[in-house]
file final-v3.cif (mmCIF, C-alpha atoms and all ligand atoms)
data_final
loop_
_atom_site.label_atom_id
_atom_site.label_comp_id
_atom_site.auth_asym_id
_atom_site.auth_seq_id
_atom_site.Cartn_x
_atom_site.Cartn_y
_atom_site.Cartn_z
CA MET A 1 -19.00 -7.90 14.02
CA LYS A 2 -15.38 -8.05 15.25
CA LYS A 3 -15.11 -11.75 14.53
CA PHE A 4 -16.84 -11.30 11.18
CA ILE A 5 -14.23 -8.68 10.24
CA ARG A 6 -11.21 -10.63 11.51
CA CYS A 7 -12.16 -13.74 9.52
CA LEU A 8 -13.52 -11.97 6.42
CA PRO A 9 -11.44 -12.89 3.34
CA LYS A 10 -9.41 -9.85 2.32
CA VAL A 11 -7.28 -8.55 -0.53
CA GLU A 12 -4.79 -5.75 0.14
CA LEU A 13 -3.82 -3.38 -2.68
CA HIS A 14 -2.01 -0.54 -0.92
CA VAL A 15 0.78 -1.31 1.52
CA HIS A 16 4.36 -0.05 1.48
CA ILE A 17 6.64 -2.86 2.62
CA GLU A 18 8.94 -0.32 4.31
CA GLY A 19 5.87 0.87 6.21
CA THR A 20 5.43 -2.54 7.83
CA LEU A 21 8.69 -2.17 9.80
CA GLU A 22 7.58 -2.61 13.40
CA PRO A 23 9.73 -0.96 16.12
CA GLU A 24 10.70 -4.43 17.44
CA LEU A 25 12.16 -5.48 14.08
CA MET A 26 13.71 -2.01 13.63
CA PHE A 27 15.65 -2.46 16.89
CA LYS A 28 16.61 -6.03 16.04
CA LEU A 29 17.97 -5.05 12.60
CA ALA A 30 19.73 -1.96 14.00
CA LYS A 31 21.57 -4.22 16.44
CA ARG A 32 22.34 -6.86 13.80
CA ASN A 33 23.68 -4.22 11.37
CA HIS A 34 25.45 -2.05 14.00
CA ILE A 35 23.31 1.01 13.31
CA THR A 36 22.58 3.62 15.98
CA LEU A 37 18.93 4.62 16.17
CA PRO A 38 17.77 8.03 17.40
CA PHE A 39 15.43 6.22 19.84
CA ASN A 40 16.25 4.48 23.12
CA SER A 41 13.04 2.48 23.56
CA PHE A 42 9.89 1.29 21.77
CA ALA A 43 8.00 3.92 23.76
CA GLU A 44 10.23 6.67 22.32
CA VAL A 45 9.61 5.35 18.82
CA ARG A 46 5.86 5.33 19.29
CA GLU A 47 6.02 8.85 20.74
CA ALA A 48 7.77 10.01 17.56
CA TYR A 49 4.88 8.62 15.49
CA ASN A 50 2.76 11.73 16.02
CA PHE A 51 2.36 13.22 12.60
CA ASN A 52 0.95 16.56 11.41
CA ASN A 53 0.86 15.73 7.71
CA LEU A 54 2.34 13.43 5.06
CA GLN A 55 5.80 15.05 5.10
CA SER A 56 6.27 14.74 8.88
CA PHE A 57 5.58 11.00 8.48
CA LEU A 58 7.83 10.54 5.45
CA ASP A 59 10.82 12.05 7.30
CA ILE A 60 10.58 9.38 10.02
CA TYR A 61 9.65 6.59 7.59
CA TYR A 62 12.77 7.12 5.43
CA GLN A 63 14.90 7.26 8.59
CA GLY A 64 13.47 3.91 9.78
CA ALA A 65 14.37 2.27 6.47
CA ASN A 66 18.08 2.87 7.19
CA VAL A 67 18.25 -0.36 9.21
CA LEU A 68 17.53 -2.41 6.06
CA ILE A 69 20.90 -3.39 4.60
CA HIS A 70 21.13 -7.06 3.60
CA GLU A 71 18.89 -9.28 1.49
CA GLN A 72 17.96 -11.16 4.67
CA ASP A 73 16.67 -7.89 6.23
CA PHE A 74 14.26 -7.38 3.32
CA PHE A 75 13.24 -11.02 3.60
CA ASP A 76 12.58 -10.74 7.36
CA LEU A 77 10.57 -7.54 6.86
CA THR A 78 8.38 -9.09 4.16
CA TRP A 79 7.94 -12.38 5.99
CA ALA A 80 6.76 -10.55 9.13
CA TYR A 81 4.20 -8.68 7.01
CA LEU A 82 2.94 -11.92 5.42
CA GLN A 83 2.36 -13.38 8.87
CA ARG A 84 0.16 -10.36 9.66
CA CYS A 85 -1.69 -11.09 6.41
CA GLN A 86 -2.31 -14.64 7.53
CA ALA A 87 -3.65 -13.46 10.90
CA ASP A 88 -6.10 -11.11 9.11
CA ASN A 89 -7.11 -13.64 6.43
CA VAL A 90 -5.55 -11.57 3.63
CA LEU A 91 -5.51 -14.02 0.70
CA HIS A 92 -3.76 -11.80 -1.82
CA THR A 93 -1.62 -8.68 -1.49
CA GLU A 94 -0.18 -6.18 -3.98
CA LEU A 95 2.61 -4.37 -2.21
CA PHE A 96 4.81 -1.38 -2.95
CA PHE A 97 8.51 -1.03 -2.47
CA ASP A 98 10.60 2.15 -2.81
CA PRO A 99 13.94 1.08 -4.36
CA GLN A 100 15.31 4.65 -4.39
CA THR A 101 15.10 4.83 -0.60
CA HIS A 102 17.70 2.04 -0.57
CA THR A 103 19.79 2.57 -3.72
CA GLN A 104 20.41 6.18 -2.59
CA ARG A 105 22.13 4.66 0.48
CA GLY A 106 24.27 2.35 -1.61
CA ILE A 107 22.14 -0.79 -1.31
CA ALA A 108 21.97 -2.74 -4.58
CA PHE A 109 18.59 -2.87 -6.35
CA ALA A 110 18.84 -6.68 -6.59
CA THR A 111 19.44 -7.01 -2.82
CA VAL A 112 16.12 -5.28 -2.14
CA VAL A 113 14.04 -7.12 -4.75
CA ASN A 114 15.52 -10.54 -4.07
CA GLY A 115 14.89 -10.34 -0.32
CA ILE A 116 11.27 -9.30 -0.82
CA ASP A 117 10.69 -11.79 -3.63
CA ARG A 118 12.09 -14.73 -1.67
CA ALA A 119 9.64 -14.04 1.17
CA LEU A 120 6.73 -13.61 -1.27
CA LYS A 121 7.49 -16.99 -2.87
CA LYS A 122 7.60 -18.61 0.57
CA GLY A 123 4.28 -16.86 1.29
CA VAL A 124 2.70 -18.68 -1.66
CA THR A 125 4.01 -22.12 -0.78
CA GLU A 126 3.79 -22.03 3.03
CA LEU A 127 0.88 -19.64 3.70
CA GLY A 128 -1.15 -19.83 0.49
CA ILE A 129 -0.96 -16.03 0.13
CA SER A 130 -0.48 -14.78 -3.44
CA SER A 131 1.11 -11.44 -4.21
CA LYS A 132 2.30 -8.94 -6.80
CA LEU A 133 5.10 -6.45 -6.31
CA ILE A 134 4.80 -2.80 -7.38
CA LEU A 135 7.88 -0.60 -7.81
CA CYS A 136 7.23 2.99 -6.72
CA PHE A 137 9.18 6.02 -7.90
CA LEU A 138 9.76 8.67 -5.24
CA ARG A 139 8.06 11.78 -6.63
CA HIS A 140 10.21 14.24 -4.65
CA LEU A 141 13.15 13.07 -6.78
CA ASP A 142 13.39 14.03 -10.45
CA GLU A 143 12.28 12.09 -13.52
CA THR A 144 15.88 11.30 -14.49
CA ALA A 145 16.27 9.37 -11.23
CA ALA A 146 13.02 7.50 -12.00
CA PHE A 147 14.35 6.57 -15.46
CA ALA A 148 17.56 5.25 -13.84
CA THR A 149 15.46 3.15 -11.45
CA LEU A 150 13.38 1.76 -14.31
CA ALA A 151 16.64 0.79 -16.03
CA GLN A 152 17.76 -1.07 -12.88
CA ALA A 153 14.47 -2.97 -12.90
CA GLN A 154 15.19 -4.52 -16.31
CA THR A 155 17.08 -7.53 -14.95
CA GLU A 156 14.44 -8.13 -12.25
CA LYS A 157 11.39 -7.76 -14.49
CA ASP A 158 10.03 -11.20 -13.64
CA LYS A 159 9.62 -10.09 -9.99
CA ILE A 160 7.90 -6.73 -10.62
CA PHE A 161 4.35 -6.43 -11.91
CA ALA A 162 3.53 -2.74 -11.94
CA ILE A 163 4.94 0.75 -11.46
CA GLY A 164 3.64 3.27 -8.91
CA LEU A 165 4.32 6.77 -7.62
CA ASP A 166 4.57 7.78 -3.97
CA SER A 167 6.14 10.21 -1.45
CA SER A 168 5.38 13.98 -1.20
CA GLU A 169 2.36 14.76 -3.38
CA LEU A 170 2.27 18.54 -2.88
CA GLY A 171 4.60 20.25 -5.37
CA HIS A 172 5.21 17.01 -7.30
CA PRO A 173 2.23 16.54 -9.66
CA PRO A 174 1.75 13.55 -11.98
CA GLU A 175 2.90 15.42 -15.12
CA LYS A 176 6.46 15.41 -13.73
CA PHE A 177 6.58 11.66 -14.52
CA THR A 178 4.72 11.44 -17.85
CA GLY A 179 7.84 10.39 -19.79
CA VAL A 180 8.95 7.58 -17.49
CA PHE A 181 5.41 6.20 -17.08
CA THR A 182 4.99 6.18 -20.88
CA GLU A 183 8.23 4.21 -21.15
CA ALA A 184 7.19 1.79 -18.37
CA ILE A 185 3.87 1.11 -20.12
CA LYS A 186 5.76 0.49 -23.37
CA GLN A 187 7.82 -2.12 -21.48
CA GLY A 188 4.65 -3.92 -20.39
CA PHE A 189 4.17 -2.69 -16.82
CA LEU A 190 0.76 -1.72 -15.47
CA THR A 191 0.72 1.60 -13.61
CA VAL A 192 -0.81 3.06 -10.45
CA ALA A 193 -0.16 6.34 -8.61
CA HIS A 194 -0.81 8.04 -5.29
CA ALA A 195 -3.10 10.98 -6.10
CA GLY A 196 -5.66 13.05 -4.23
CA GLU A 197 -4.35 12.16 -0.77
CA GLU A 198 -3.12 15.64 0.23
CA GLY A 199 -3.06 16.99 -3.31
CA PRO A 200 -6.04 18.31 -5.32
CA ALA A 201 -8.59 16.32 -7.32
CA SER A 202 -6.84 17.53 -10.49
CA ASN A 203 -3.92 15.23 -9.58
CA ILE A 204 -6.34 12.28 -9.84
CA SER A 205 -7.58 13.36 -13.30
CA ASP A 206 -4.01 14.04 -14.46
CA ALA A 207 -2.73 10.69 -13.17
CA LEU A 208 -5.55 8.93 -15.07
CA ASP A 209 -4.97 10.88 -18.30
CA LEU A 210 -1.18 11.28 -18.32
CA LEU A 211 0.07 8.20 -16.44
CA GLN A 212 -2.63 5.79 -17.73
CA ILE A 213 -3.09 4.32 -14.25
CA SER A 214 -5.25 1.25 -13.62
CA ARG A 215 -6.29 2.45 -10.15
CA ILE A 216 -5.80 5.42 -7.83
CA ASP A 217 -3.95 5.13 -4.53
CA HIS A 218 -5.88 7.13 -1.90
CA GLY A 219 -7.96 9.39 -4.19
CA VAL A 220 -10.23 10.58 -1.37
CA ARG A 221 -10.12 14.17 -2.65
CA CYS A 222 -12.19 13.06 -5.69
CA THR A 223 -15.30 14.45 -3.98
CA ASP A 224 -14.04 17.98 -4.76
CA ASP A 225 -14.77 17.41 -8.48
CA PRO A 226 -18.31 16.16 -9.29
CA ALA A 227 -17.45 15.37 -12.94
CA LEU A 228 -14.47 13.25 -11.86
CA LEU A 229 -16.60 11.51 -9.24
CA ALA A 230 -19.19 10.59 -11.89
CA LYS A 231 -16.42 9.23 -14.13
CA LEU A 232 -15.02 7.07 -11.30
CA VAL A 233 -18.49 5.59 -10.71
CA THR A 234 -19.40 4.87 -14.33
CA GLN A 235 -15.97 3.52 -15.29
CA ARG A 236 -15.50 1.62 -11.99
CA ILE A 237 -12.02 3.15 -11.57
CA PRO A 238 -10.78 1.78 -8.22
CA LEU A 239 -9.54 3.77 -5.23
CA THR A 240 -7.21 2.10 -2.73
CA VAL A 241 -8.24 3.98 0.41
CA CYS A 242 -6.24 3.81 3.65
CA PRO A 243 -8.51 4.89 6.52
CA LEU A 244 -6.15 4.79 9.54
CA SER A 245 -3.42 6.46 7.47
CA ASN A 246 -5.80 9.28 6.54
CA ILE A 247 -6.58 9.96 10.20
CA LYS A 248 -2.93 9.76 11.34
CA LEU A 249 -1.84 12.15 8.57
CA LYS A 250 -4.82 14.45 9.19
CA VAL A 251 -6.39 14.09 5.76
CA PHE A 252 -9.62 13.80 7.80
CA ALA A 253 -9.87 15.07 11.39
CA GLN A 254 -11.59 11.92 12.65
CA MET A 255 -12.91 8.62 11.27
CA ALA A 256 -16.50 9.87 11.54
CA ASP A 257 -15.58 12.50 8.91
CA HIS A 258 -14.01 9.98 6.49
CA ASN A 259 -15.81 9.72 3.14
CA ILE A 260 -15.09 6.04 2.37
CA VAL A 261 -18.58 4.73 3.23
CA VAL A 262 -20.26 7.59 1.36
CA LEU A 263 -18.12 6.65 -1.67
CA LEU A 264 -19.01 2.96 -1.28
CA ARG A 265 -22.73 3.81 -1.21
CA LYS A 266 -22.35 6.00 -4.31
CA GLY A 267 -21.15 2.88 -6.15
CA LEU A 268 -17.42 3.63 -6.37
CA CYS A 269 -14.97 0.75 -6.44
CA VAL A 270 -13.41 1.73 -3.07
CA THR A 271 -11.20 -0.66 -1.11
CA ILE A 272 -9.74 -0.70 2.44
CA ASN A 273 -5.96 -0.91 2.88
CA SER A 274 -3.31 -0.38 5.56
CA ASP A 275 -0.68 1.83 3.78
CA ASP A 276 2.05 1.88 6.47
CA PRO A 277 0.58 -0.27 9.24
CA ALA A 278 3.57 -0.13 11.61
CA TYR A 279 3.29 3.67 11.67
CA PHE A 280 -0.47 4.22 11.47
CA GLY A 281 -1.83 1.90 14.13
CA GLY A 282 -2.93 -1.22 12.38
CA TYR A 283 -3.14 -3.82 9.64
CA MET A 284 -6.12 -4.79 7.47
CA SER A 285 -8.55 -5.94 10.15
CA ASP A 286 -7.77 -2.88 12.27
CA ASN A 287 -8.63 -0.65 9.31
CA PHE A 288 -11.92 -2.50 8.66
CA LEU A 289 -12.78 -2.31 12.38
CA ALA A 290 -12.02 1.41 12.66
CA VAL A 291 -14.22 2.20 9.65
CA SER A 292 -17.10 0.01 10.80
CA GLU A 293 -17.04 1.45 14.34
CA ALA A 294 -17.36 5.02 13.01
CA HIS A 295 -19.76 4.10 10.18
CA PRO A 296 -22.07 1.20 11.06
CA MET A 297 -22.50 -1.05 8.03
CA SER A 298 -24.21 -4.30 7.12
CA LYS A 299 -22.13 -7.45 6.64
CA ALA A 300 -22.92 -7.23 2.93
CA GLU A 301 -21.47 -3.71 2.77
CA LEU A 302 -18.32 -4.75 4.64
CA THR A 303 -17.91 -7.69 2.27
CA GLN A 304 -18.32 -5.35 -0.71
CA PHE A 305 -14.90 -3.91 0.15
CA THR A 306 -13.42 -7.35 -0.52
CA PHE A 307 -15.44 -7.82 -3.73
CA ASN A 308 -14.18 -4.40 -4.86
CA ALA A 309 -10.56 -5.30 -4.02
CA ILE A 310 -10.81 -8.55 -6.00
CA GLU A 311 -12.20 -6.60 -8.96
CA ALA A 312 -9.47 -3.92 -8.65
CA SER A 313 -6.60 -6.40 -8.24
CA PHE A 314 -4.17 -7.54 -10.94
CA ILE A 315 -5.05 -11.23 -10.47
CA ALA A 316 -6.07 -13.39 -13.45
CA ASP A 317 -9.81 -13.73 -14.12
CA ASP A 318 -10.15 -17.39 -13.09
CA GLU A 319 -8.47 -16.65 -9.75
CA LYS A 320 -10.76 -13.62 -9.30
CA MET A 321 -13.74 -15.95 -9.75
CA ARG A 322 -12.36 -18.36 -7.15
CA LEU A 323 -11.87 -15.55 -4.61
CA ASN A 324 -15.33 -14.12 -5.36
CA ARG A 325 -16.94 -17.52 -4.74
CA LEU A 326 -15.03 -18.01 -1.51
CA THR A 327 -15.98 -14.53 -0.27
CA GLN A 328 -19.64 -15.02 -1.23
CA GLN A 329 -19.70 -18.30 0.71
CA TYR A 330 -18.22 -16.55 3.75
CA LEU A 331 -20.94 -13.90 3.64
CA GLU A 332 -23.68 -16.53 3.29
CA HIS A 333 -22.46 -18.61 6.25
CA ASN A 334 -21.48 -15.89 8.74
N1 LIG B 1 1.62 8.72 0.67
C1 LIG B 1 2.68 8.97 -0.10
N2 LIG B 1 3.82 8.29 0.00
C2 LIG B 1 3.89 7.31 0.88
C3 LIG B 1 2.83 7.00 1.71
C4 LIG B 1 1.63 7.74 1.59
O1 LIG B 1 0.62 7.55 2.28
N3 LIG B 1 3.24 5.98 2.48
C5 LIG B 1 4.51 5.67 2.12
N4 LIG B 1 4.91 6.48 1.15
ZN ZN B 2 0.64 4.86 0.27
#

call {"tool": "encode", "arguments": {"input": "final-v3.cif", "output": "structure tokens"}}
result
Amino acid sequence: MKKFIRCLPKVELHVHIEGTLEPELMFKLAKRNHITLPFNSFAEVREAYNFNNLQSFLDIYYQGANVLIHEQDFFDLTWAYLQRCQADNVLHTELFFDPQTHTQRGIAFATVVNGIDRALKKGVTELGISSKLILCFLRHLDETAAFATLAQAQTEKDKIFAIGLDSSELGHPPEKFTGVFTEAIKQGFLTVAHAGEEGPASNISDALDLLQISRIDHGVRCTDDPALLAKLVTQRIPLTVCPLSNIKLKVFAQMADHNIVVLLRKGLCVTINSDDPAYFGGYMSDNFLAVSEAHPMSKAELTQFTFNAIEASFIADDEKMRLNRLTQQYLEHN
């Protein structure tokens, strides 16, 4: 099963590029940019990655991002992630970036986007990996700051496909961003939002109704609301679930308690994703492996996660058909 999982064609829909910053690259960039880190060794970094909840992770994650200064740093970060994609047979990825984490430190918006975009273009030509970039607003900041970020995105619109919402869910519900999401939709962006990770199921319903989102990031708390659950099944509203993240941040005590396979068998459009792989212990294949070890599944069920991700992606229909065919062939021959 391990080999089947490693080679299975995959589509990733929930990864924060800043969350792919491995300690090795963090140290390299700190040295290159003359930044002092609060860690003396990789072992000290990994020791610090013991989280109690989402906030305890976010504090360290924003600190790590301080080493990213120049366009080349954002390029190197993204290129390293794409090489992980290649190793895991990820054919398409839709990745988040948090511009406010960088503009707040005086880094220009264009520096961030151009570095990421240059690596993504190289990913297409040299690795055959397609991608779409999603700009996330930090929900612990106010809506005025989100509007200012949307304004900065205007000159880079050709590089950004959709708008998302991340950071601390508790205390920062979807309704806080209704105005800026309405404006983003008017400008032609698709929308997604983190909801129902630590926050209640009502955040999922509100994100769907108020922010007009095309899919829900995390969303595992949907099981608390049977009417919402039924709606997700009948309307095939996708959830981008991040299993290793959910264990690291104690959304579930252990993988055996995770509801992703129950949701799959209920007919929800659930997908497997890595979220912040450098912090949570693994990339796409590691997430598939961890789920399948705790919840034995058939090869057809494992492959359904890829079919769901293709369906939930923002790729054009003809490309979706090509990926579906390729995935079906893999299942038939392995
Ligand atoms: N939740 C919210 N915000 C985030 C996450 C997450 O899992 N990862 C990076 N930013
Ligand atoms: Zn996330």

call {"tool": "residues_near_ligand", "arguments": {"input": "final-v3.cif", "ligand": "ligand LIG 1 (chain B)", "cutoff": "6 Å", "atoms": "only C-alpha atoms and all ligand atoms", "output": "PyMOL selection string"}}
result
chain A and resi 16+166-168+275-276

call {"tool": "closest_residue", "arguments": {"input": "final-v3.cif", "among": "A:Ala195, A:Ala30, A:Ala278, A:Ala65", "to": "Val15 in chain A", "atoms": "all atoms listed in the file"}}
result
A:Ala278

call {"tool": "residues_around", "arguments": {"input": "final-v3.cif", "residues": "Cys85 in chain A", "least_positions_apart": "2", "cutoff": "10 Å", "atoms": "only C-alpha atoms", "output": "list in words"}}
result
Lys10, Val11, Glu12, Trp79, Ala80, Tyr81, Leu82, Gln83, Ala87, Asp88, Asn89, Val90, Leu91, His92, Thr93, Gly123, Leu127, Ile129, Tyr283, Met284 and Ser285 of chain A

call {"tool": "atom_distance", "arguments": {"input": "final-v3.cif", "atom1": "CA of Asn40 in chain A", "atom2": "CA of Met26 in chain A"}}
result
11.8 Å

call {"tool": "residues_near_ligand", "arguments": {"input": "final-v3.cif", "ligand": "ligand ZN 2 (chain B)", "cutoff": "12 Å", "atoms": "only C-alpha atoms and all ligand atoms", "output": "PyMOL selection string"}}
result
chain A and resi 12-20+54+57-58+61+94-98+134+136-138+164-169+192-198+216-219+239-246+249+272-277+279-280

call {"tool": "atom_distance", "arguments": {"input": "final-v3.cif", "atom1": "CA of Leu120 in chain A", "atom2": "CA of Ala162 in chain A"}}
result
15.6 Å

call {"tool": "residues_near_point", "arguments": {"input": "final-v3.cif", "point": "(-20.3, 7.6, -2.0)", "cutoff": "12 Å", "atoms": "only C-alpha atoms", "output": "number ranges by chain"}}
result
A: 220, 222-223, 226, 229-230, 232-233, 239, 258-270

call {"tool": "atom_distance", "arguments": {"input": "final-v3.cif", "atom1": "CA of Ala256 in chain A", "atom2": "CA of Ala48 in chain A"}}
result
25.0 Å

call {"tool": "residues_around", "arguments": {"input": "final-v3.cif", "residues": "Ile315 in chain A", "least_positions_apart": "4", "cutoff": "10 Å", "atoms": "only C-alpha atoms", "output": "PyMOL selection string"}}
result
chain A and resi 92-94+130-132+310-311+319-321+323

call {"tool": "closest_residue", "arguments": {"input": "final-v3.cif", "among": "A:Gln254, A:Gln152, A:Gln72, A:Thr306", "to": "Pro99 in chain A", "atoms": "all atoms listed in the file"}}
result
A:Gln152

call {"tool": "closest_residue", "arguments": {"input": "final-v3.cif", "among": "A:Val45, A:Ile5, A:Ala145, A:Leu77", "to": "Asn287 in chain A", "atoms": "only C-alpha atoms"}}
result
A:Ile5

call {"tool": "axis_aligned_box", "arguments": {"input": "final-v3.cif", "around": "range 88-100 of chain A", "padding_each_side": "8 Å", "output": "lines of an AutoDock Vina configuration file"}}
result
center_x = 4.1
center_y = -4.7
center_z = 2.4
size_x = 38.4
size_y = 34.7
size_z = 29.5
